[in-house]
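One file, data-v2.tsv, is given below (TSV, C-alpha atoms).
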```
chain	number	residue	atom	x	y	z
A	9	MET	CA	-15.59	-28.65	28.69
A	10	ILE	CA	-13.03	-27.68	31.32
A	11	ILE	CA	-9.78	-26.13	30.13
A	12	THR	CA	-6.85	-24.13	31.45
A	13	VAL	CA	-6.33	-20.69	29.91
A	14	LYS	CA	-4.03	-17.74	30.42
A	15	LYS	CA	-4.91	-14.93	32.80
A	16	ILE	CA	-5.10	-11.54	31.10
A	17	GLY	CA	-6.02	-7.99	32.17
A	18	ILE	CA	-4.64	-5.54	34.71
A	19	GLY	CA	-7.52	-5.42	37.19
A	20	THR	CA	-9.31	-2.24	36.22
A	21	GLU	CA	-12.89	-1.65	35.13
A	22	GLU	CA	-11.76	-1.20	31.53
A	23	ASP	CA	-9.36	-4.15	31.60
A	24	PRO	CA	-10.42	-6.59	34.32
A	25	ILE	CA	-8.36	-9.66	35.09
A	26	ARG	CA	-10.09	-12.47	33.21
A	27	PRO	CA	-9.55	-15.73	31.37
A	28	GLU	CA	-8.29	-15.46	27.82
A	29	THR	CA	-11.20	-17.05	25.98
A	30	GLU	CA	-13.44	-16.28	23.05
A	31	ALA	CA	-16.21	-18.43	24.50
A	32	LYS	CA	-19.49	-16.65	25.26
A	33	ASN	CA	-20.50	-18.78	28.23
A	34	TRP	CA	-17.86	-19.60	30.80
A	35	LYS	CA	-17.12	-19.55	34.49
A	36	VAL	CA	-13.98	-19.82	36.57
A	37	ILE	CA	-13.56	-23.17	38.29
A	38	GLU	CA	-10.22	-22.39	39.90
A	39	GLU	CA	-7.80	-19.52	39.85
A	40	TYR	CA	-4.02	-19.92	39.76
A	41	GLU	CA	-1.21	-17.39	39.75
A	42	ASN	CA	-1.08	-16.97	35.96
A	43	GLU	CA	-3.91	-19.20	34.72
A	44	PHE	CA	-7.58	-19.97	35.16
A	45	LEU	CA	-9.28	-23.32	35.06
A	46	ILE	CA	-12.57	-22.49	33.36
A	47	GLU	CA	-15.67	-24.38	32.34
A	48	ILE	CA	-17.06	-23.54	28.92
A	49	SER	CA	-20.63	-24.37	28.04
A	50	GLU	CA	-22.08	-24.47	24.51
B	6	MET	CA	-65.61	-5.81	62.06
B	7	PHE	CA	-62.66	-7.16	60.14
B	8	MET	CA	-61.20	-3.76	59.34
B	9	GLY	CA	-57.62	-3.53	60.42
B	10	LEU	CA	-56.90	-7.18	60.02
B	11	GLY	CA	-53.41	-7.51	58.61
B	12	LEU	CA	-52.41	-3.91	59.14
B	13	GLY	CA	-48.74	-3.58	59.74
B	14	THR	CA	-47.91	-6.96	58.29
B	15	HIS	CA	-46.97	-5.78	54.81
B	16	PHE	CA	-43.35	-6.76	55.26
B	17	ASN	CA	-43.70	-9.17	58.16
B	18	ASN	CA	-46.08	-11.75	56.79
B	19	ASN	CA	-43.17	-13.43	55.07
B	20	ARG	CA	-40.37	-14.01	57.55
B	21	SER	CA	-37.82	-14.58	54.81
B	22	VAL	CA	-38.01	-10.97	53.59
B	23	LYS	CA	-35.29	-9.07	55.41
B	24	LEU	CA	-35.07	-5.87	53.41
B	25	VAL	CA	-37.39	-4.07	51.01
B	26	ASP	CA	-37.12	-0.70	49.36
B	27	TYR	CA	-39.63	0.43	46.74
B	28	PHE	CA	-38.30	4.00	46.98
B	29	ASN	CA	-41.90	5.23	47.11
B	30	ARG	CA	-41.00	8.39	48.97
B	31	ASN	CA	-40.60	12.01	48.12
B	32	SER	CA	-37.69	12.80	45.87
B	33	SER	CA	-34.61	13.52	47.93
B	34	ASN	CA	-30.93	14.20	47.47
B	35	VAL	CA	-30.20	11.46	50.00
B	36	VAL	CA	-31.49	7.91	49.71
B	37	GLY	CA	-32.14	7.58	53.43
B	38	LYS	CA	-33.72	4.43	54.80
B	39	ALA	CA	-35.24	1.37	53.16
B	40	ASP	CA	-38.92	0.62	53.74
B	41	THR	CA	-37.80	-1.98	56.27
B	42	GLY	CA	-35.69	0.54	58.21
B	43	GLN	CA	-32.09	-0.18	57.25
B	44	THR	CA	-30.00	2.83	56.23
B	45	TRP	CA	-28.36	3.15	52.80
B	46	GLN	CA	-24.62	3.84	52.95
B	47	VAL	CA	-22.91	5.71	50.11
B	48	LEU	CA	-19.47	4.26	49.35
B	49	SER	CA	-18.76	6.63	46.48
B	50	GLY	CA	-20.51	9.31	44.44
B	51	THR	CA	-23.89	10.89	45.16
B	52	TRP	CA	-27.16	8.96	45.10
B	53	ALA	CA	-30.75	10.15	45.28
B	54	THR	CA	-34.37	9.16	44.85
B	55	ASN	CA	-36.60	10.57	42.15
B	56	GLY	CA	-39.81	9.34	40.56
B	57	GLU	CA	-39.96	6.61	43.25
B	58	LYS	CA	-36.69	5.09	42.07
B	59	ILE	CA	-33.04	5.31	43.09
B	60	TYR	CA	-30.45	6.76	40.73
B	61	PRO	CA	-26.85	7.99	40.78
B	62	VAL	CA	-26.60	11.78	40.70
B	63	SER	CA	-22.87	11.75	40.21
B	64	ASP	CA	-22.02	10.34	36.82
B	65	VAL	CA	-18.79	8.53	37.55
B	66	ASN	CA	-18.12	4.90	36.72
B	67	SER	CA	-18.09	2.54	39.74
B	68	ASN	CA	-19.99	4.88	42.08
B	69	THR	CA	-21.47	2.57	44.69
B	70	ILE	CA	-24.16	2.56	47.38
B	71	ILE	CA	-24.83	-0.33	49.78
B	72	ILE	CA	-27.14	-1.44	52.55
B	73	ASP	CA	-26.74	-4.23	55.10
B	74	PRO	CA	-29.55	-6.82	55.34
B	75	GLY	CA	-27.83	-8.45	58.32
B	76	ILE	CA	-27.64	-11.89	56.71
B	77	THR	CA	-25.22	-13.55	54.29
B	78	ASN	CA	-27.40	-16.24	52.69
B	79	TYR	CA	-29.86	-14.28	50.62
B	80	LYS	CA	-31.75	-13.68	47.42
B	81	VAL	CA	-31.33	-10.08	46.29
B	82	SER	CA	-33.24	-8.66	43.36
B	83	ALA	CA	-34.03	-5.34	41.72
B	84	LEU	CA	-35.81	-3.91	38.72
B	85	LEU	CA	-33.24	-2.06	36.63
B	86	TYR	CA	-33.34	0.38	33.73
B	87	GLY	CA	-30.34	1.53	31.76
B	88	GLN	CA	-28.43	1.81	28.54
B	89	PHE	CA	-25.84	-0.77	27.56
B	90	ALA	CA	-26.49	-2.11	24.04
B	91	VAL	CA	-23.85	0.09	22.47
B	92	VAL	CA	-20.63	-1.01	24.10
B	93	ASN	CA	-19.04	2.44	24.18
B	94	ASP	CA	-22.11	4.44	25.25
B	95	LEU	CA	-23.44	3.02	28.48
B	96	ARG	CA	-24.96	4.07	31.76
B	97	TYR	CA	-26.66	1.46	33.94
B	98	LEU	CA	-26.64	-0.06	37.39
B	99	ASN	CA	-25.04	-3.28	38.60
B	100	ILE	CA	-26.16	-5.39	41.56
B	101	VAL	CA	-23.58	-5.42	44.36
B	102	PHE	CA	-23.50	-8.28	46.86
B	103	HIS	CA	-21.11	-9.95	49.32
B	104	CYS	CA	-19.75	-6.45	49.96
B	105	LEU	CA	-17.27	-5.58	52.71
B	106	ASP	CA	-16.16	-2.15	51.51
B	107	ILE	CA	-15.41	-0.13	48.37
B	108	ASN	CA	-12.45	-2.39	47.55
B	109	ASN	CA	-13.90	-5.83	48.31
B	110	TYR	CA	-17.19	-7.02	46.88
B	111	MET	CA	-18.87	-8.96	44.10
B	112	PHE	CA	-21.17	-7.56	41.44
B	113	THR	CA	-23.14	-8.70	38.45
B	114	ARG	CA	-24.54	-6.84	35.49
B	115	ALA	CA	-26.25	-7.16	32.14
B	116	TYR	CA	-24.07	-5.73	29.41
B	117	ALA	CA	-24.37	-5.88	25.61
B	118	ASN	CA	-26.00	-9.31	25.41
B	119	SER	CA	-24.10	-10.82	28.32
B	120	ILE	CA	-24.67	-11.40	32.00
B	121	GLU	CA	-21.37	-10.88	33.75
B	122	LEU	CA	-20.07	-11.81	37.18
B	123	TYR	CA	-17.20	-9.92	38.78
B	124	LYS	CA	-15.28	-9.81	42.02
B	125	ILE	CA	-13.24	-6.93	43.37
B	126	VAL	CA	-10.43	-7.88	45.76
B	127	ASN	CA	-8.33	-5.14	47.31
B	128	GLY	CA	-9.53	-2.84	44.54
B	129	SER	CA	-8.56	-5.15	41.67
B	130	VAL	CA	-11.42	-6.01	39.29
B	131	MET	CA	-11.69	-9.61	38.07
B	132	LYS	CA	-14.30	-11.04	35.71
B	133	ILE	CA	-15.14	-14.58	36.82
B	134	GLY	CA	-18.21	-15.53	34.78
B	135	ASN	CA	-20.02	-14.71	31.57
B	136	TYR	CA	-23.28	-15.89	30.01
B	137	TYR	CA	-24.54	-14.86	26.60
B	138	ILE	CA	-28.21	-13.87	26.46
B	139	SER	CA	-30.21	-11.27	24.58
B	140	THR	CA	-30.46	-8.14	26.76
B	141	PRO	CA	-32.98	-5.59	25.42
B	142	ASP	CA	-31.62	-2.10	25.88
B	143	GLN	CA	-33.52	0.72	27.62
B	144	PHE	CA	-36.19	-1.64	28.92
B	145	GLU	CA	-36.76	-2.58	32.55
B	146	TYR	CA	-35.35	-5.95	33.53
B	147	THR	CA	-34.85	-7.88	36.73
B	148	ILE	CA	-31.54	-9.13	38.02
B	149	THR	CA	-31.64	-11.64	40.87
B	150	VAL	CA	-28.68	-13.02	42.78
B	151	ILE	CA	-28.94	-15.97	45.15
B	152	CYS	CA	-26.03	-16.37	47.57
B	153	LYS	CA	-26.10	-19.53	49.64
B	154	GLY	CA	-22.98	-20.78	51.34
B	155	LEU	CA	-20.24	-20.90	48.74
B	156	ASN	CA	-22.61	-20.78	45.78
B	157	VAL	CA	-23.74	-17.76	43.75
B	158	LYS	CA	-26.48	-17.91	41.14
B	159	VAL	CA	-27.41	-15.03	38.84
B	160	PHE	CA	-30.76	-14.71	37.06
B	161	PHE	CA	-31.75	-12.32	34.28
B	162	ASN	CA	-35.54	-11.94	34.11
B	163	ASN	CA	-35.83	-15.21	36.06
B	164	ILE	CA	-33.57	-17.12	33.64
B	165	GLU	CA	-30.62	-18.72	35.40
B	166	CYS	CA	-27.47	-17.47	33.69
B	167	ILE	CA	-24.57	-18.07	36.05
B	168	ASN	CA	-24.00	-20.77	38.67
B	169	TYR	CA	-20.69	-20.07	40.39
B	170	ASP	CA	-18.97	-21.81	43.28
B	171	LEU	CA	-16.62	-19.61	45.27
B	172	ASN	CA	-13.14	-21.14	45.33
B	173	GLY	CA	-9.71	-20.57	46.87
B	174	THR	CA	-9.44	-17.47	49.05
B	175	GLU	CA	-12.96	-16.44	47.99
B	176	THR	CA	-14.37	-19.09	50.32
B	177	SER	CA	-13.09	-17.40	53.48
B	178	THR	CA	-13.94	-13.84	52.52
B	179	PHE	CA	-17.03	-13.14	50.41
B	180	PRO	CA	-19.47	-15.46	52.24
B	181	ASN	CA	-18.90	-13.32	55.35
B	182	TYR	CA	-19.69	-10.01	53.64
B	183	SER	CA	-23.36	-9.20	53.98
B	184	SER	CA	-23.97	-5.85	52.31
B	185	VAL	CA	-25.76	-5.48	48.99
B	186	GLY	CA	-26.55	-2.53	46.76
B	187	PHE	CA	-25.93	-0.79	43.45
B	188	ARG	CA	-22.95	0.26	41.36
B	189	LEU	CA	-22.82	2.47	38.29
B	190	SER	CA	-21.30	1.37	35.00
B	191	ARG	CA	-20.73	4.41	32.82
B	192	GLY	CA	-18.84	5.09	29.61
B	193	GLY	CA	-18.95	7.09	26.38
B	194	ASN	CA	-21.86	9.42	25.70
B	195	PRO	CA	-24.99	7.86	27.21
B	196	THR	CA	-28.37	9.56	26.84
B	197	ILE	CA	-30.53	8.18	29.64
B	198	ILE	CA	-30.58	8.21	33.43
B	199	PRO	CA	-30.21	4.73	34.93
B	200	THR	CA	-32.56	3.71	37.73
B	201	ALA	CA	-33.39	0.86	40.07
B	202	ASP	CA	-36.60	-0.04	41.83
B	203	ASN	CA	-38.28	-2.87	43.77
B	204	PHE	CA	-35.16	-3.73	45.75
B	205	MET	CA	-35.65	-6.81	47.92
B	206	VAL	CA	-33.51	-9.13	50.02
B	207	GLU	CA	-34.95	-12.44	51.17
B	208	GLU	CA	-33.25	-15.01	53.39
B	209	VAL	CA	-32.58	-18.36	51.72
```

Take the structure in the file and give it back as structure tokens.
Amino acid sequence: MIITVKKIGIGTEEDPIRPETEAKNWKVIEEYENEFLIEISE
Amino acid sequence: MFMGLGLGTHFNNNRSVKLVDYFNRNSSNVVGKADTGQTWQVLSGTWATNGEKIYPVSDVNSNTIIIDPGITNYKVSALLYGQFAVVNDLRYLNIVFHCLDINNYMFTRAYANSIELYKIVNGSVMKIGNYYISTPDQFEYTITVICKGLNVKVFFNNIECINYDLNGTETSTFPNYSSVGFRLSRGGNPTIIPTADNFMVEEV
């Protein structure tokens, strides 16, 4: 499943920039200014 | 009459192997050179060899050491040992790859039942992939990364966990960065010393 989610985090080790998702298995397909297009598996 | 046959070919009988370091040398407060001759470069912290393994002497999160295999399409792997099951008490090494400098590189790590993929661009840390898998704590495990063109694959104990295609500005930067190495993740009150061994880079 490919969805668009909000970008969260400030870009530090403790709080990296990342997609806002509860999914365990995901990867970034594309990155936008304030959002990620991510693919979720399982 | 066959004595001597094959001498000197330990690392050369497979042309795809570009860099090997088993750290089987006397303990030292500098890491020095890999078995194949390339020189380790400390980006931050202090690194040493002990017990025929590499480990970070300084105990500061994100301390990093790299080495340049001279190629950008490669399979890099290492045998790692660390502590990461308890989220707040951790000390273990990450695999660094596609590294330009301390502020621009990619890394992957096992962490509390996940394999994670990160990029650092101009010093900003971004998590770009995650795969859930059981990660036994304080046991040796192998992380392998295969970088080929715009693709990055990450394996945990030979199980493929992440298959990532570089996109956007990543496509014109990371594929050109050749250096690989180790990075320390450290937090809380860990009890063990993290190590790495059997470091190898093969051309793919």

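With CA of Ser67 (chain B) on one side and CA of Arg191 (chain B) on the other, the separation reads 7.6 Å.
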
_Test item: chain A residues at most 10 Å from chain B, counting only C-alpha atoms, as an MDAnalysis selection string_ = chainID A and resid 16:27 31:40 44 46:49

Close residues, Ile70 (chain B) itself excluded, 8 Å, all atoms listed in the file, min 2 positions apart in chain, as an mmCIF file with C-alpha atoms, in the frame of the given file:
```cif
data_model
loop_
_atom_site.group_PDB
_atom_site.id
_atom_site.type_symbol
_atom_site.label_atom_id
_atom_site.label_comp_id
_atom_site.auth_asym_id
_atom_site.auth_seq_id
_atom_site.Cartn_x
_atom_site.Cartn_y
_atom_site.Cartn_z
ATOM 1 C CA TRP B 45 -28.360 3.150 52.800
ATOM 2 C CA GLN B 46 -24.620 3.840 52.950
ATOM 3 C CA VAL B 47 -22.910 5.710 50.110
ATOM 4 C CA LEU B 48 -19.470 4.260 49.350
ATOM 5 C CA SER B 49 -18.760 6.630 46.480
ATOM 6 C CA TRP B 52 -27.160 8.960 45.100
ATOM 7 C CA ASN B 68 -19.990 4.880 42.080
ATOM 8 C CA ILE B 72 -27.140 -1.440 52.550
ATOM 9 C CA GLY B 186 -26.550 -2.530 46.760
ATOM 10 C CA PHE B 187 -25.930 -0.790 43.450
ATOM 11 C CA ARG B 188 -22.950 0.260 41.360
#
```

*Which polymer residues have any atom within 6 Å of an atom of Val81 (chain B), counting only C-alpha atoms, with same-chain residues fewer than 6 positions away left out, as a count of residues only?*
4

*Could you please determine the separation between CA of Ser33 (chain B) and CA of Ile100 (chain B) in Å, to one decimal place?*
21.7 Å

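Taking CA of Asp40 (chain B) and CA of Val101 (chain B) as the two end points, the separation is 19.0 Å.
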
*Which residue out of B:Thr54, B:Asn109, B:Ser82, B:Asn181 has the minimum interatomic distance to Gly37 (chain B) when only C-alpha atoms are used?*
B:Thr54

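Among the candidates B:Val91, B:Thr200, B:Asp64, B:Asn78, the residue lying nearest to Asn156 (chain B) is B:Asn78 (atoms considered: all atoms listed in the file).
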
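Nearest to Ile151 (chain B) of all the residues B:Asn194, B:Thr113, B:Thr176, B:Gln88 is B:Thr113, counting only C-alpha atoms.
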
_Non-local contacts of Asp202 (chain B) (8 Å; all atoms listed in the file; under 2 positions in same chain excluded) as JSON, numbers by chain_ = {"B": [26, 27, 28, 57, 58, 59, 83, 84, 85, 200, 204]}

Residues near Thr41 (chain B), cut-off 9 Å, all atoms listed in the file, skip fewer than 6 positions along chain, as a PDB file with C-alpha atoms, in the coordinates of the input:
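New file result-v9.pdb:
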```
ATOM      1  CA  PHE B  16     -43.350  -6.760  55.260  1.00  0.00           C
ATOM      2  CA  LYS B  23     -35.290  -9.070  55.410  1.00  0.00           C
ATOM      3  CA  LEU B  24     -35.070  -5.870  53.410  1.00  0.00           C
ATOM      4  CA  VAL B  25     -37.390  -4.070  51.010  1.00  0.00           C
ATOM      5  CA  ASP B  26     -37.120  -0.700  49.360  1.00  0.00           C
TER       6      ASP B  26
END
```

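Residues in contact with Glu28 (chain A) at 8 Å, where only C-alpha atoms are counted and same-chain residues fewer than 4 positions away are skipped, are listed as A:Val13, A:Lys14, A:Lys15, A:Ile16.
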
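Proximity of B:Phe160, B:Tyr86, B:Phe102, B:Phe112 to Tyr182 (chain B), computed with all atoms listed in the file, is greatest for B:Phe102.
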